[in-house]
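Okay, structure first, notes after.
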Amino acid sequence: EHNLYRPLVHAPYTLNCCSSKEEVRELAQMILKDDIKRLEVFDDAFYNIHPGAHTGQGAEQGIQLIAKCLNEIVTKEQKTTILLELMSGKGSDIGRSFEEIKQILDLLNYKEKFGVCLDTCHIFSAGYDIVNNLDYVLKQFDDIIGLDKLMAIHLNDSLMPFDSHKDRHAKIGEGLIGLEA
């Protein structure tokens, strides 16, 4: 049985667990650890994070660094669930596909402490056609990651076109996803 009203906190956008700069990775890890410690006051909080940007090292290296960071932070006793947010695919962002999120999840020690946040603007911009083929996109998500890992939806519209790999949010119904979708 799940509580449908769980606190959901978003990590700072500037954190980057897979930067090419060690000091940036260390700062991200320190802030994540501190934020999770604060969230432990709740019995069942969600902590949503952007996976990070590989900054030229390549996606595989970025994925390894993200998993390493999270494995060093998360404990078996932790009550907070960390959500990896799907990204639009701009620049060197990690999490631009269901496959990249799955690769991170597969490397984590305490898989039960992790879930996924589906941002509608991000996945539309990343090339998942939620306007014309939502059922297929959800089937893809289920086949690759598993719907049991879908724990939050950031429901919003997109100012940028489908498959543009640009992250520009709009109010629901005021973008290219549209109110009907």
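Naming works like this for the structure tokens: A, B, ... for the chains as they're shown, residue 1 at the start of each chain, ligands 1 onward in shown order.
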(Q) Just list as an MDAnalysis selection string whatever in stretch 59-181 of chain A DSSP marks as alpha helix (DSSP H). (A) chainID A and resid 59:73 98:107 120:126 134:144
With a cut-off of 12 Å, could you pull out the residues of stretch 45-71 of chain A touching stretch 80-90 of chain A and give me the nearest pair of atoms for each, distance in Å to one decimal, using only C-alpha atoms, ordered by chain and ascending number, as CSV?
```
residue,atom,partner,partner_atom,distance
A:Ala45,CA,A:Thr80,CA,4.9
A:Phe46,CA,A:Thr81,CA,4.9
A:Tyr47,CA,A:Ile82,CA,4.7
A:Asn48,CA,A:Leu83,CA,4.5
A:Ile49,CA,A:Leu84,CA,5.4
A:His50,CA,A:Glu85,CA,5.3
A:Pro51,CA,A:Leu84,CA,6.1
A:Gly52,CA,A:Met87,CA,9.4
A:Ala53,CA,A:Lys90,CA,9.2
A:His54,CA,A:Lys90,CA,11.4
A:Thr55,CA,A:Lys90,CA,11.4
A:Ala59,CA,A:Gly89,CA,11.3
A:Ile63,CA,A:Leu84,CA,11.9
A:Ile66,CA,A:Leu84,CA,10.4
A:Ala67,CA,A:Leu84,CA,11.1
A:Leu70,CA,A:Ile82,CA,9.2
A:Asn71,CA,A:Ile82,CA,11.6
```
Can you pull out the residues contacting stretch 127-133 of chain A? Cut-off 6 Å, using only C-alpha atoms, and skip same-chain residues under 4 positions away; I want them as a PDB file with N, CA and C atoms, in the first residue's frame.
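Final output, part_34.pdb:
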```pdb
ATOM      1  N   ILE A 123      10.509  14.323 -22.155  1.00  0.00           N
ATOM      2  CA  ILE A 123      10.446  13.133 -23.028  1.00  0.00           C
ATOM      3  C   ILE A 123       9.907  13.476 -24.410  1.00  0.00           C
ATOM      4  N   PHE A 162       8.784  18.599 -30.980  1.00  0.00           N
ATOM      5  CA  PHE A 162       9.071  17.184 -30.768  1.00  0.00           C
ATOM      6  C   PHE A 162      10.482  16.858 -31.275  1.00  0.00           C
ATOM      7  N   ASP A 163      11.217  16.084 -30.486  1.00  0.00           N
ATOM      8  CA  ASP A 163      12.542  15.578 -30.847  1.00  0.00           C
ATOM      9  C   ASP A 163      13.577  16.692 -31.061  1.00  0.00           C
ATOM     10  N   ALA A 181      -3.585  16.389 -25.568  1.00  0.00           N
ATOM     11  CA  ALA A 181      -2.635  15.306 -25.245  1.00  0.00           C
ATOM     12  C   ALA A 181      -2.460  15.211 -23.738  1.00  0.00           C
TER      13      ALA A 181
END
```
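Using only C-alpha atoms for every distance, the candidate list A:Arg38, A:Lys111, A:His122, A:Arg168 yields A:His122 as the residue closest to A:Leu155.
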(Q) Which residue is closest to A:Ala28? Choose from A:Gly62, A:Gly146, A:Pro12, A:Pro161 and count only C-alpha atoms. (A) A:Pro12
Q.
DSSP on the backbone, strand (DSSP E or B) only: what residues of chain A does that give? Format it as a list of chain:residue names.
A. A:Leu8, A:Val9, A:His10, A:Phe46, A:Tyr47, A:Asn48, A:Ile49, A:Ala53, A:Thr81, A:Ile82, A:Leu83, A:Leu84, A:Glu85, A:Asp93, A:Phe114, A:Gly115, A:Val116, A:Cys117, A:Leu118, A:Asp119, A:Leu150, A:Met151, A:Ala152, A:Ile153, A:His154, A:Asp157, A:Ser158, A:His169, A:Ala170
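Distance check against A:Leu147 using only C-alpha atoms: of A:Leu65, A:Glu60, A:Gly91, A:Cys117, the minimum falls on A:Cys117.
Counting only C-alpha atoms and comparing A:Ile36, A:Ile73, A:Cys18, A:Leu105, the residue that lies closest to A:Lys149 is A:Leu105.
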Q: Find the residue from A:Ile31, A:Cys17, A:Ile101, A:Val41 that sits nearest to A:Ile145; use only C-alpha atoms when measuring.
A: A:Ile101
(Q) Taking only C-alpha atoms into account, name the residue in A:Ile177, A:Val24, A:Cys121, A:Ala170 that is nearest to A:His154. (A) A:Cys121
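The space between atom CA of A:Gly175 and atom CA of A:His10 spans 23.0 Å.
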